[in-house]
Structure formats: C-alpha cells, structure tokens
$ cat coords32.txt   # compact mmCIF, C-alpha atoms
# COMPACT_ATOMS: atom_id res chain seq x y z
CA MET A 1 1.50 -12.03 15.69
CA SER A 2 4.25 -11.42 18.24
CA THR A 3 4.79 -8.28 20.28
CA ARG A 4 8.25 -6.80 20.12
CA PRO A 5 9.65 -5.06 23.20
CA ALA A 6 9.80 -1.26 23.01
CA GLY A 7 13.04 0.39 21.96
CA ASP A 8 15.16 2.52 24.30
CA ALA A 9 14.23 6.13 23.51
CA ASP A 10 16.65 7.77 25.97
CA ALA A 11 19.61 5.79 24.67
CA LEU A 12 18.72 6.59 21.07
CA ALA A 13 18.33 10.30 21.85
CA ALA A 14 21.75 10.32 23.52
CA ALA A 15 23.30 8.56 20.54
CA LEU A 16 21.72 11.02 18.09
CA ARG A 17 22.93 13.98 20.16
CA ALA A 18 26.42 12.48 20.14
CA MET A 19 26.09 12.36 16.36
CA GLY A 20 25.44 16.12 16.39
CA ILE A 21 21.63 16.08 16.14
CA PRO A 22 20.16 17.83 19.20
CA CYS A 23 16.81 16.12 19.66
CA ASP A 24 14.43 14.21 21.86
CA VAL A 25 13.01 10.81 21.05
CA GLU A 26 9.56 9.48 21.83
CA SER A 27 9.01 5.74 21.79
CA ARG A 28 5.81 4.07 20.62
CA ALA A 29 6.65 0.37 20.89
CA THR A 30 9.30 -0.11 18.20
CA LEU A 31 8.58 3.18 16.44
CA ALA A 32 10.92 6.02 17.44
CA ILE A 33 9.84 9.59 16.75
CA ILE A 34 12.55 12.25 16.69
CA SER A 35 11.65 15.82 17.69
CA ALA A 36 14.20 18.39 16.59
CA PRO A 37 14.36 21.97 15.32
CA ALA A 38 13.60 22.31 11.61
CA GLN A 39 17.21 22.91 10.55
CA GLN A 40 18.31 19.73 12.35
CA VAL A 41 15.46 17.82 10.70
CA ALA A 42 16.75 18.97 7.31
CA ARG A 43 20.21 17.56 8.09
CA LEU A 44 18.66 14.10 8.29
CA GLY A 45 17.87 14.38 4.58
CA ALA A 46 21.50 13.63 3.74
CA PRO A 47 21.73 9.91 2.90
CA GLN A 48 24.73 9.33 5.18
CA ALA A 49 23.10 11.03 8.17
CA ARG A 50 19.89 9.15 7.54
CA ALA A 51 21.66 5.80 7.27
CA ALA A 52 23.58 6.49 10.48
CA ALA A 53 20.39 7.46 12.34
CA LEU A 54 18.60 4.33 11.11
CA ALA A 55 21.52 2.17 12.22
CA LEU A 56 21.41 3.74 15.69
CA ALA A 57 17.66 3.18 15.87
CA ARG A 58 18.07 -0.50 15.05
CA GLN A 59 20.87 -0.76 17.60
CA HIS A 60 18.52 0.58 20.29
CA GLY A 61 15.64 -1.77 19.50
CA PHE A 62 13.54 0.19 17.01
CA THR A 63 12.19 -1.15 13.72
CA HIS A 64 10.97 2.28 12.53
CA LEU A 65 12.40 5.77 12.81
CA ALA A 66 10.45 8.87 11.91
CA VAL A 67 11.16 12.55 12.36
CA GLU A 68 8.37 14.86 13.40
CA LEU A 69 7.71 17.78 11.07
CA GLY A 70 6.74 21.10 12.57
CA ALA A 71 7.74 19.83 16.00
CA ASP A 72 8.93 23.28 17.06
CA ALA A 73 5.50 24.66 16.13
CA ASN A 74 3.68 21.84 17.87
CA GLU A 75 2.88 22.22 21.57
CA ALA A 76 4.03 18.74 22.58
CA GLY A 77 7.14 18.97 20.46
CA ALA A 78 7.97 22.44 21.72
CA ALA A 79 7.70 21.23 25.29
CA LEU A 80 10.10 18.41 24.52
CA LEU A 81 12.56 20.78 22.91
CA ARG A 82 12.39 23.25 25.83
CA ARG A 83 13.47 20.57 28.33
CA MET B 1 21.71 -0.29 -21.63
CA THR B 2 24.47 -2.91 -21.91
CA HIS B 3 24.24 -5.78 -24.36
CA ASP B 4 23.56 -8.22 -21.48
CA ALA B 5 20.85 -6.00 -20.05
CA GLU B 6 19.23 -5.66 -23.46
CA ARG B 7 19.25 -9.42 -23.90
CA ALA B 8 17.72 -9.91 -20.44
CA ALA B 9 14.99 -7.37 -21.23
CA VAL B 10 14.15 -9.11 -24.51
CA GLU B 11 14.04 -12.45 -22.71
CA ALA B 12 11.75 -11.03 -19.99
CA GLU B 13 9.40 -9.66 -22.67
CA ARG B 14 9.36 -13.03 -24.43
CA ALA B 15 8.67 -14.97 -21.23
CA ALA B 16 5.85 -12.59 -20.24
CA ALA B 17 4.29 -12.85 -23.70
CA GLU B 18 4.36 -16.65 -23.43
CA LYS B 19 2.58 -16.48 -20.10
CA GLU B 20 -0.02 -14.20 -21.64
CA ALA B 21 -0.64 -16.75 -24.41
CA ALA B 22 -1.23 -19.37 -21.72
CA LEU B 23 -3.56 -16.97 -19.90
CA LEU B 24 -5.61 -16.35 -23.05
CA SER B 25 -6.05 -20.14 -23.43
CA TRP B 26 -6.90 -20.56 -19.75
CA LEU B 27 -9.58 -17.87 -19.97
CA ALA B 28 -10.97 -19.03 -23.33
CA ALA B 29 -11.53 -22.49 -21.88
CA ARG B 30 -13.77 -21.00 -19.15
CA ARG B 31 -16.07 -19.19 -21.63
CA ARG B 32 -17.64 -16.75 -19.14
CA VAL B 33 -15.47 -15.18 -16.48
CA ALA B 34 -16.21 -12.62 -13.76
CA ILE B 35 -13.29 -10.72 -12.26
CA GLY B 36 -12.98 -9.16 -8.83
CA PHE B 37 -11.88 -5.80 -10.19
CA SER B 38 -10.20 -3.14 -8.10
CA GLY B 39 -8.43 -1.12 -10.78
CA GLY B 40 -5.07 -2.20 -9.38
CA VAL B 41 -2.24 -3.29 -11.68
CA ASP B 42 -3.11 -6.99 -11.59
CA SER B 43 -6.89 -7.01 -11.85
CA ALA B 44 -6.82 -4.32 -14.55
CA TYR B 45 -4.45 -6.43 -16.65
CA LEU B 46 -6.51 -9.56 -16.05
CA ALA B 47 -9.72 -7.80 -17.06
CA VAL B 48 -8.20 -6.52 -20.30
CA VAL B 49 -6.80 -9.94 -21.26
CA ALA B 50 -10.10 -11.61 -20.34
CA HIS B 51 -11.92 -9.16 -22.58
CA ARG B 52 -9.53 -10.05 -25.43
CA ALA B 53 -10.08 -13.77 -24.83
CA LEU B 54 -13.83 -13.77 -24.31
CA GLY B 55 -15.28 -10.60 -25.80
CA THR B 56 -17.76 -8.25 -24.20
CA ASP B 57 -20.39 -10.90 -23.46
CA GLY B 58 -17.92 -13.30 -21.86
CA VAL B 59 -16.47 -11.04 -19.21
CA LEU B 60 -17.77 -9.04 -16.27
CA ALA B 61 -15.58 -6.89 -14.05
CA ILE B 62 -17.12 -6.57 -10.60
CA ILE B 63 -16.08 -3.73 -8.30
CA GLY B 64 -16.80 -4.04 -4.58
CA ARG B 65 -17.10 -0.51 -3.18
CA SER B 66 -16.62 0.22 0.50
CA ALA B 67 -15.05 2.73 2.88
CA SER B 68 -11.69 0.96 2.69
CA TYR B 69 -11.54 1.23 -1.12
CA PRO B 70 -9.78 4.44 -2.18
CA ALA B 71 -11.83 6.75 -4.43
CA GLU B 72 -8.73 7.32 -6.55
CA GLN B 73 -8.52 3.62 -7.30
CA TRP B 74 -12.20 3.43 -8.14
CA ALA B 75 -11.64 6.21 -10.69
CA THR B 76 -8.77 4.22 -12.22
CA ALA B 77 -10.93 1.10 -12.40
CA ARG B 78 -13.68 2.99 -14.20
CA ARG B 79 -11.19 4.57 -16.60
CA VAL B 80 -9.64 1.22 -17.57
CA ALA B 81 -13.08 -0.32 -18.04
CA ASP B 82 -14.26 2.60 -20.19
CA ASP B 83 -11.07 2.73 -22.28
CA PHE B 84 -11.12 -1.00 -23.04
CA GLY B 85 -14.89 -1.51 -23.29
CA ILE B 86 -15.08 -3.90 -20.35
CA PRO B 87 -18.54 -4.38 -18.79
CA VAL B 88 -18.59 -3.39 -15.12
CA LEU B 89 -20.88 -4.10 -12.23
CA GLU B 90 -20.51 -2.23 -8.94
CA LEU B 91 -21.59 -3.74 -5.64
CA ASP B 92 -21.53 -2.17 -2.19
CA THR B 93 -19.66 -4.18 0.39
CA ASP B 94 -19.62 -3.39 4.09
CA GLU B 95 -16.75 -5.12 5.83
CA LEU B 96 -16.74 -2.41 8.51
CA ALA B 97 -20.07 -3.74 9.76
CA ASP B 98 -18.35 -7.02 10.71
CA PRO B 99 -16.92 -6.54 14.22
CA ARG B 100 -14.28 -9.18 13.49
CA TYR B 101 -12.98 -6.97 10.70
CA ALA B 102 -13.40 -3.67 12.53
CA ALA B 103 -11.33 -4.96 15.46
CA ASN B 104 -8.43 -5.09 12.98
CA PRO B 105 -6.78 -8.41 13.80
CA SER B 106 -3.79 -9.55 11.76
CA ASN B 107 -6.13 -11.71 9.63
CA ARG B 108 -8.42 -8.72 8.95
CA CYS B 109 -8.16 -9.32 5.18
CA TYR B 110 -9.85 -12.69 5.60
CA PHE B 111 -13.04 -11.02 6.86
CA CYS B 112 -12.92 -8.36 4.15
CA LYS B 113 -12.53 -10.90 1.37
CA THR B 114 -15.21 -13.10 2.94
CA GLU B 115 -17.60 -10.14 2.64
CA LEU B 116 -16.40 -9.33 -0.89
CA TRP B 117 -16.56 -12.82 -2.35
CA GLY B 118 -19.74 -13.59 -0.41
CA LYS B 119 -21.43 -10.86 -2.46
CA VAL B 120 -19.52 -11.10 -5.75
CA VAL B 121 -19.67 -14.86 -6.36
CA PRO B 122 -23.47 -15.34 -6.05
CA VAL B 123 -24.13 -12.30 -8.24
CA ALA B 124 -21.67 -13.54 -10.87
CA ARG B 125 -23.15 -17.05 -10.88
CA ALA B 126 -26.70 -15.70 -11.11
CA ARG B 127 -25.62 -13.94 -14.30
CA GLY B 128 -24.11 -17.07 -15.79
CA PHE B 129 -20.48 -16.39 -14.96
CA THR B 130 -19.45 -19.75 -13.59
CA THR B 131 -15.80 -18.87 -13.16
CA VAL B 132 -14.80 -16.06 -10.79
CA VAL B 133 -11.17 -14.92 -10.71
CA ASP B 134 -8.99 -12.47 -8.84
CA GLY B 135 -5.72 -10.71 -9.67
CA THR B 136 -3.46 -12.52 -7.22
CA ASN B 137 -0.06 -12.99 -8.87
CA ALA B 138 2.78 -15.43 -8.16
CA ASP B 139 4.74 -12.88 -6.06
CA ASP B 140 1.74 -12.47 -3.77
CA LEU B 141 2.02 -16.10 -2.74
CA ASP B 142 5.20 -15.22 -0.80
CA ASP B 143 3.42 -12.56 1.28
CA TYR B 144 1.26 -12.89 4.36
CA ARG B 145 -2.20 -12.77 2.74
CA PRO B 146 -5.02 -14.16 4.89
CA GLY B 147 -7.52 -12.95 2.28
CA ALA B 148 -6.41 -15.78 0.00
CA GLN B 149 -8.16 -18.28 2.26
CA ALA B 150 -11.50 -16.54 1.70
CA ALA B 151 -10.92 -16.70 -2.05
CA ARG B 152 -10.31 -20.45 -1.82
CA GLU B 153 -13.44 -20.94 0.30
CA HIS B 154 -15.50 -19.24 -2.42
CA ALA B 155 -13.79 -21.18 -5.26
CA VAL B 156 -12.25 -18.01 -6.67
CA ALA B 157 -9.41 -18.86 -9.07
CA SER B 158 -6.14 -16.93 -9.41
CA PRO B 159 -4.94 -17.57 -12.96
CA LEU B 160 -2.04 -15.08 -12.79
CA ALA B 161 -0.55 -16.92 -9.83
CA GLU B 162 -1.41 -20.31 -11.32
CA LEU B 163 0.40 -19.49 -14.57
CA GLY B 164 3.44 -18.02 -12.83
CA PHE B 165 2.97 -14.31 -13.55
CA ALA B 166 5.29 -12.24 -11.37
CA LYS B 167 4.38 -8.59 -10.82
CA ALA B 168 7.09 -7.65 -13.32
CA ASP B 169 5.41 -9.82 -15.98
CA VAL B 170 2.09 -8.10 -15.34
CA ARG B 171 3.71 -4.67 -15.67
CA LEU B 172 5.54 -5.62 -18.88
CA ARG B 173 2.42 -6.93 -20.56
CA SER B 174 0.29 -4.06 -19.23
CA ARG B 175 2.67 -1.63 -20.91
CA ALA B 176 2.57 -3.64 -24.13
CA LEU B 177 -1.25 -3.57 -24.12
CA GLY B 178 -1.37 0.16 -23.39
CA LEU B 179 -2.86 -0.01 -19.89
CA PRO B 180 -2.46 3.20 -17.90
CA THR B 181 -1.84 1.07 -14.81
CA TRP B 182 1.43 -0.46 -15.98
CA GLN B 183 3.59 1.66 -13.71
CA GLN B 184 0.97 2.44 -11.09
CA PRO B 185 2.22 1.85 -7.54
CA SER B 186 0.65 -1.01 -5.61
CA SER B 187 -2.28 0.30 -3.63
CA PRO B 188 -3.66 -1.98 -0.95
CA CYS B 189 -6.86 -1.03 0.86
CA LEU B 190 -6.88 1.94 3.22
CA SER B 191 -7.21 -0.29 6.29
CA SER B 192 -3.63 -1.42 5.69
CA ARG B 193 -2.54 2.01 7.00
CA LEU B 194 -3.88 1.23 10.50
CA PRO B 195 -1.76 -0.90 12.85
CA TYR B 196 -3.28 -4.23 13.78
CA GLY B 197 -5.41 -3.85 16.89
CA THR B 198 -6.37 -0.24 16.08
CA SER B 199 -10.04 -0.46 15.22
CA VAL B 200 -11.02 0.38 11.67
CA THR B 201 -13.60 3.14 11.38
CA ALA B 202 -14.88 5.12 8.42
CA GLU B 203 -13.59 8.29 10.07
CA ARG B 204 -10.00 6.99 10.36
CA LEU B 205 -10.02 5.66 6.81
CA GLY B 206 -11.28 9.05 5.66
CA GLN B 207 -8.42 10.79 7.49
CA VAL B 208 -5.85 8.58 5.78
CA GLU B 209 -7.45 8.95 2.37
CA ARG B 210 -7.66 12.75 2.66
CA ALA B 211 -4.04 12.97 3.80
CA GLU B 212 -2.76 10.82 0.94
CA ALA B 213 -4.82 12.80 -1.58
CA ALA B 214 -3.41 16.05 -0.15
CA LEU B 215 0.14 14.73 -0.57
CA ARG B 216 -0.58 13.73 -4.16
CA ALA B 217 -1.88 17.26 -4.70
CA LEU B 218 1.52 18.55 -3.53
CA GLY B 219 3.03 16.65 -6.47
CA ILE B 220 4.31 13.58 -4.65
CA GLU B 221 4.34 10.67 -7.08
CA GLY B 222 5.00 6.96 -6.81
CA ASP B 223 4.85 4.91 -3.64
CA LEU B 224 3.31 6.82 -0.76
CA ARG B 225 1.58 5.81 2.46
CA VAL B 226 0.14 7.69 5.41
CA ARG B 227 0.30 5.32 8.37
CA TYR B 228 -2.19 5.98 11.15
CA HIS B 229 -0.82 6.17 14.72
CA ASP B 230 -3.74 7.81 16.58
CA ASP B 231 -2.90 11.53 16.72
CA LEU B 232 0.21 11.08 14.57
CA ALA B 233 0.48 10.41 10.84
CA ARG B 234 3.68 8.65 9.82
CA VAL B 235 4.32 9.42 6.18
CA GLU B 236 6.32 7.01 4.02
CA LEU B 237 7.71 8.35 0.73
CA ARG B 238 10.21 7.07 -1.82
CA PRO B 239 13.72 7.33 -0.30
CA ASP B 240 14.96 9.49 -3.18
CA VAL B 241 12.53 12.32 -2.35
CA LEU B 242 13.01 12.35 1.43
CA ALA B 243 15.69 15.07 1.45
CA ARG B 244 13.38 17.48 -0.37
CA TRP B 245 10.50 16.95 2.05
CA LEU B 246 12.76 17.31 5.10
CA HIS B 247 13.79 20.79 3.93
CA PRO B 248 12.01 23.34 6.18
CA GLU B 249 10.04 25.00 3.37
CA PHE B 250 8.68 21.76 1.93
CA ALA B 251 8.33 20.07 5.32
CA ALA B 252 5.98 22.88 6.34
CA GLN B 253 3.83 22.29 3.25
CA LEU B 254 3.70 18.55 3.84
CA CYS B 255 2.89 19.02 7.50
CA ALA B 256 0.08 21.50 6.78
CA ALA B 257 -1.45 19.20 4.17
CA VAL B 258 -1.56 16.20 6.49
CA ARG B 259 -2.79 18.20 9.49
CA ALA B 260 -5.64 19.55 7.37
CA ALA B 261 -6.75 15.94 6.91
CA GLY B 262 -7.29 15.61 10.66
CA PHE B 263 -3.97 14.57 12.21
CA THR B 264 -2.46 16.57 15.07
CA ARG B 265 1.12 15.49 14.47
CA VAL B 266 3.02 14.52 11.35
CA ALA B 267 6.25 12.54 11.08
CA LEU B 268 8.26 11.48 8.07
CA ASP B 269 9.63 7.94 8.11
CA LEU B 270 13.40 8.05 7.58
CA ARG B 271 13.61 4.68 5.88
CA GLY B 272 10.95 5.65 3.40
CA PHE B 273 8.22 3.56 1.84
CA ARG B 274 8.17 -0.15 2.51
CA SER B 275 5.35 -2.50 1.69
CA GLY B 276 3.91 -4.16 4.79
CA SER B 277 5.62 -1.64 7.09
CA LEU B 278 3.04 -2.12 9.83
CA ASN B 279 3.51 -5.89 9.70
CA VAL B 280 7.13 -5.30 10.70
CA LEU B 281 6.15 -2.86 13.44
CA HIS B 282 3.86 -5.46 14.95
CA GLY B 283 6.07 -8.47 14.48
CA VAL B 284 4.06 -10.20 11.75
CA SER B 285 7.10 -10.26 9.45
CA ALA B 286 10.82 -9.67 9.72
CA ALA B 287 12.32 -6.15 9.87
$ encode --input "coords32.txt" --output "structure tokens"
Amino acid sequence: MSTRPAGDADALAAALRAMGIPCDVESRATLAIISAPAQQVARLGAPQARAAALALARQHGFTHLAVELGADANEAGAALLRR
Amino acid sequence: MTHDAERAAVEAERAAAEKEAALLSWLAARRRVAIGFSGGVDSAYLAVVAHRALGTDGVLAIIGRSASYPAEQWATARRVADDFGIPVLELDTDELADPRYAANPSNRCYFCKTELWGKVVPVARARGFTTVVDGTNADDLDDYRPGAQAAREHAVASPLAELGFAKADVRLRSRALGLPTWQQPSSPCLSSRLPYGTSVTAERLGQVERAEAALRALGIEGDLRVRYHDDLARVELRPDVLARWLHPEFAAQLCAAVRAAGFTRVALDLRGFRSGSLNVLHGVSAA
C-alpha cells in the first residue's frame, strides 16, 4: 500500500470559484470535500458541471471529490462559508 | 435491440448454459459439497446449482455470521435457502476479536477469511462434506483479494472461477433459474467501508449499516455505499441519481437519514459509486 500526497485544497477551491461555484474545500489526503450553499451544491448535479469539477479535482491532486450536504446548517461548514 | 446485439445475447446465454453444465458435472463428481454461503449473487447461484446436482442430502450452505456481515444480506441468504430448499447451517464468526483484523490493514480480508474457513471447514468435514467451496468467480481473480489466500490454505475450492464463470454468466444463469439475486448489487462486507488503517469496531460497522439501511428506506436502489471517514460519511450512489440527491429538498432528507445513523457530517461523492473506492484513496489500486 502506498501513500499518495494530499491534494491542494486552496488551488482547487480557487479553480471551482473561477468556474462560478463559490465554495471552500477541505482536504483529507486525496479526498476533497466541497462546502457550498445548498443552491450551489445543486448546480453540481448537472453532468457537465460535475465532470468539470472532477477534472479540476484530479488536476489538483485529488482522487475523490465529495460535496458536503447541509454544510450551511453544519457549524463547521457554516464557519467555512462565513470566511 | 439490434440484430447483432440479439445474436450476442443469445451467444452469451448459450456460453453461460454450457458453463453451468460443466459446473453440474464438477459438483456431481464431489458427491457432498459444503458452500460458504453469504447470500451474495455468486454463492447463492452456486448453492442452487449444487442443490440441483446433489440433492438435499448432498449439499450444505454454511453462513458465517459476524458484525461485518450485513443483516440485509443474511435475510437474502435465508430467503434463497428457504425458496430453493437448501439446507443451511449458521455459525458465529468473530474476526473483530483478532487484533490483526481489527487494525484494518490492506490484507484485512485474509484474517477474516482465516477465521471463517477455520470454523467452516472443520464443521463441514465433521458432517461428511469433504469438499468445501466458495463463490469466487473468474472476474474476482483480477481484483486485489487477500482473502483468496486463506481459502487456498484451507483447501477451499472455487469452481465458478475454475470453470471460467464471469459475473455476467452468474447473473444470466441466476435469472434463468429464478434466483432473486440475479440483479442484486455486489455487497462486500461492511468493513470495506472503512479506510485501511481505521480500526474496525462493531460500533463503526453499526453506523455504516444503519446509514445504508436508512438510505435504502429513502428509496435508493442499486449500488450504494456509505464510506466511513471518522465524523464524515461519504455517500456513493449511482451516477444517474446524483442530480436528484443534490437538489436541496432531497439532499436534506439524505443528510438527515445519515446523521441519524451517527455521523456528524455527510458528503455525496461526485463521481458516484465505484467498487474498491477506498483502495484508490489509499493507493492500493489505480485511480
């Protein structure tokens, strides 16, 4: 079993914002977790937006990309979004 | 369906039926066969064919029950056995008591299967079942499966793999024989939802099992996994249903269901379900 280096969360967040998705990204090794308001989360349901986000995640060193649900109702997520 | 597709489907049916004929002969030659029976697609099919080949006295389906074995799958196993008249024996196994297993190394399955076969094989032999088999198929041989070594060490045979059954063959013949499992998603043990190195405990397995059951109760069908990442559950669904569950109304329902199972945070994987997802995350296989 090898250990992959962590992805670059800040760079991915900037790339997603440039794509029109205001969000923050938390990195857990090569898993990226997007925190965004619910309406922005819904936009990632569109296949093209999802494919673009996954491509950006790969580009910034992540093997997995997940979007947090209820992040705006969650204390940690809310703090991220207030920044 | 186009003419070519129809012809390919007929050919696939024919090839699978030929393999089943070979399997019936293979089993008949062994006379008394015990099967490690989980209620999954492969072992259910194998048990039904073994029953056809050997009759009620010649076959015994043995279920190893433990905290990592989903209750839903146990119910399926019992249903198949009842519907097809297959004799069943249930044994308790306790892989979690082995610290080498609980530490959750990448060869965790080896310790689980060592525990399973270490209990199943002696019981089977004591009852006169000299041949013990599992449901490993030919496709499985391409995967990273450390549990296969334990099967070899206990002289457990894998006739589906030996006779070249791909998963698609098993599904085709399961449908032909009327098994309810023919289109059942693969369902590996609950420990596969924990990343390697995250210790396996009954509490964590319970969290995962409750969360997956809650998602099924919301009507989510097909492939589904709740991956454990400490406080966070990462949910993998079929890609074609992701848009629905990212919609605020449905996302709130999904989130509430998973939180009620004991997770603080819930995230939906944007790539969707993939088998062996945690192997990729931890560099055991390619992305």
$ closest_residue --input "coords32.txt" --among "B:Val121, B:Leu242, B:Ala261, B:Ala77" --to "chain A" --atoms "only C-alpha atoms"
B:Leu242
$ closest_residue --input "coords32.txt" --among "B:Leu224, B:Tyr144, B:Lys113, B:Ser106" --to "chain A" --atoms "all atoms listed in the file"
B:Ser106
$ closest_residue --input "coords32.txt" --among "A:Ala36, A:Arg17, A:Asp8, A:Gly45" --to "Gly70 of chain A" --atoms "only C-alpha atoms"
A:Ala36
$ interface_residues --input "coords32.txt" --of "chain B" --to "chain A" --cutoff "6 Å" --atoms "all atoms listed in the file" --output "list in words"
Ala243, Leu246, His247, Pro248, Val266, Ala267, Leu268, Asp269, Leu270, Gly283 and Val284 of chain B
$ residues_around --input "coords32.txt" --residues "segment 23-38 of chain B" --least-positions-apart "3" --cutoff "6 Å" --atoms "only C-alpha atoms" --output "PyMOL selection string"
chain B and resi 20+43+53+58-63+129+131-134
$ residues_near_point --input "coords32.txt" --point "(-1.2, 10.1, 19.6)" --cutoff "10 Å" --atoms "only C-alpha atoms" --output "list in words"
Arg28 of chain A; Tyr228, His229, Asp230, Asp231, Leu232, Ala233, Phe263, Thr264 and Arg265 of chain B
$ axis_aligned_box --input "coords32.txt" --around "segment 28-43 of chain B" --padding-each-side "5 Å" --output "JSON"
{"center_x": -9.9, "center_y": -11.8, "center_z": -15.7, "size_x": 25.4, "size_y": 31.4, "size_z": 25.2}
$ build_atoms --input "coords32.txt" --residues "segment 7-30 of chain A" --atoms "N, CA and C atoms" --output "PDB file, in the coordinates of the input"
ATOM      1  N   GLY A   7      11.652  -0.038  22.049  1.00  0.00           N
ATOM      2  CA  GLY A   7      13.040   0.390  21.960  1.00  0.00           C
ATOM      3  C   GLY A   7      13.391   1.325  23.107  1.00  0.00           C
ATOM      4  N   ASP A   8      14.674   1.648  23.223  1.00  0.00           N
ATOM      5  CA  ASP A   8      15.160   2.520  24.300  1.00  0.00           C
ATOM      6  C   ASP A   8      15.296   3.948  23.783  1.00  0.00           C
ATOM      7  N   ALA A   9      14.280   4.773  24.052  1.00  0.00           N
ATOM      8  CA  ALA A   9      14.230   6.130  23.510  1.00  0.00           C
ATOM      9  C   ALA A   9      15.349   7.011  24.054  1.00  0.00           C
ATOM     10  N   ASP A  10      15.609   6.909  25.364  1.00  0.00           N
ATOM     11  CA  ASP A  10      16.650   7.770  25.970  1.00  0.00           C
ATOM     12  C   ASP A  10      18.023   7.456  25.372  1.00  0.00           C
ATOM     13  N   ALA A  11      18.300   6.170  25.217  1.00  0.00           N
ATOM     14  CA  ALA A  11      19.610   5.790  24.670  1.00  0.00           C
ATOM     15  C   ALA A  11      19.747   6.249  23.219  1.00  0.00           C
ATOM     16  N   LEU A  12      18.659   6.144  22.465  1.00  0.00           N
ATOM     17  CA  LEU A  12      18.720   6.590  21.070  1.00  0.00           C
ATOM     18  C   LEU A  12      18.907   8.106  20.998  1.00  0.00           C
ATOM     19  N   ALA A  13      18.178   8.829  21.850  1.00  0.00           N
ATOM     20  CA  ALA A  13      18.330  10.300  21.850  1.00  0.00           C
ATOM     21  C   ALA A  13      19.766  10.682  22.171  1.00  0.00           C
ATOM     22  N   ALA A  14      20.357  10.016  23.156  1.00  0.00           N
ATOM     23  CA  ALA A  14      21.750  10.320  23.520  1.00  0.00           C
ATOM     24  C   ALA A  14      22.686  10.033  22.351  1.00  0.00           C
ATOM     25  N   ALA A  15      22.442   8.933  21.666  1.00  0.00           N
ATOM     26  CA  ALA A  15      23.300   8.560  20.540  1.00  0.00           C
ATOM     27  C   ALA A  15      23.154   9.566  19.390  1.00  0.00           C
ATOM     28  N   LEU A  16      21.931  10.033  19.162  1.00  0.00           N
ATOM     29  CA  LEU A  16      21.720  11.020  18.090  1.00  0.00           C
ATOM     30  C   LEU A  16      22.375  12.357  18.450  1.00  0.00           C
ATOM     31  N   ARG A  17      22.277  12.725  19.727  1.00  0.00           N
ATOM     32  CA  ARG A  17      22.930  13.980  20.160  1.00  0.00           C
ATOM     33  C   ARG A  17      24.438  13.863  19.981  1.00  0.00           C
ATOM     34  N   ALA A  18      24.975  12.688  20.308  1.00  0.00           N
ATOM     35  CA  ALA A  18      26.420  12.480  20.140  1.00  0.00           C
ATOM     36  C   ALA A  18      26.808  12.567  18.661  1.00  0.00           C
ATOM     37  N   MET A  19      25.844  12.276  17.804  1.00  0.00           N
ATOM     38  CA  MET A  19      26.090  12.360  16.360  1.00  0.00           C
ATOM     39  C   MET A  19      25.966  13.805  15.857  1.00  0.00           C
ATOM     40  N   GLY A  20      25.550  14.698  16.774  1.00  0.00           N
ATOM     41  CA  GLY A  20      25.440  16.120  16.390  1.00  0.00           C
ATOM     42  C   GLY A  20      24.030  16.542  16.044  1.00  0.00           C
ATOM     43  N   ILE A  21      23.030  15.717  16.395  1.00  0.00           N
ATOM     44  CA  ILE A  21      21.630  16.080  16.140  1.00  0.00           C
ATOM     45  C   ILE A  21      20.965  16.315  17.495  1.00  0.00           C
ATOM     46  N   PRO A  22      20.835  17.578  17.928  1.00  0.00           N
ATOM     47  CA  PRO A  22      20.160  17.830  19.200  1.00  0.00           C
ATOM     48  C   PRO A  22      18.670  17.501  19.064  1.00  0.00           C
ATOM     49  N   CYS A  23      18.197  16.578  19.851  1.00  0.00           N
ATOM     50  CA  CYS A  23      16.810  16.120  19.660  1.00  0.00           C
ATOM     51  C   CYS A  23      16.310  15.403  20.906  1.00  0.00           C
ATOM     52  N   ASP A  24      15.019  15.147  20.920  1.00  0.00           N
ATOM     53  CA  ASP A  24      14.430  14.210  21.860  1.00  0.00           C
ATOM     54  C   ASP A  24      13.801  13.088  21.072  1.00  0.00           C
ATOM     55  N   VAL A  25      13.599  11.969  21.735  1.00  0.00           N
ATOM     56  CA  VAL A  25      13.010  10.810  21.050  1.00  0.00           C
ATOM     57  C   VAL A  25      11.858  10.282  21.881  1.00  0.00           C
ATOM     58  N   GLU A  26      10.750  10.078  21.197  1.00  0.00           N
ATOM     59  CA  GLU A  26       9.560   9.480  21.830  1.00  0.00           C
ATOM     60  C   GLU A  26       9.443   8.054  21.305  1.00  0.00           C
ATOM     61  N   SER A  27       9.119   7.142  22.187  1.00  0.00           N
ATOM     62  CA  SER A  27       9.010   5.740  21.790  1.00  0.00           C
ATOM     63  C   SER A  27       7.540   5.324  21.773  1.00  0.00           C
ATOM     64  N   ARG A  28       7.122   4.715  20.675  1.00  0.00           N
ATOM     65  CA  ARG A  28       5.810   4.070  20.620  1.00  0.00           C
ATOM     66  C   ARG A  28       6.079   2.631  20.181  1.00  0.00           C
ATOM     67  N   ALA A  29       6.212   1.759  21.153  1.00  0.00           N
ATOM     68  CA  ALA A  29       6.650   0.370  20.890  1.00  0.00           C
ATOM     69  C   ALA A  29       7.969   0.409  20.129  1.00  0.00           C
ATOM     70  N   THR A  30       8.018  -0.113  18.915  1.00  0.00           N
ATOM     71  CA  THR A  30       9.300  -0.110  18.200  1.00  0.00           C
ATOM     72  C   THR A  30       9.384   0.998  17.159  1.00  0.00           C
TER      73      THR A  30
END
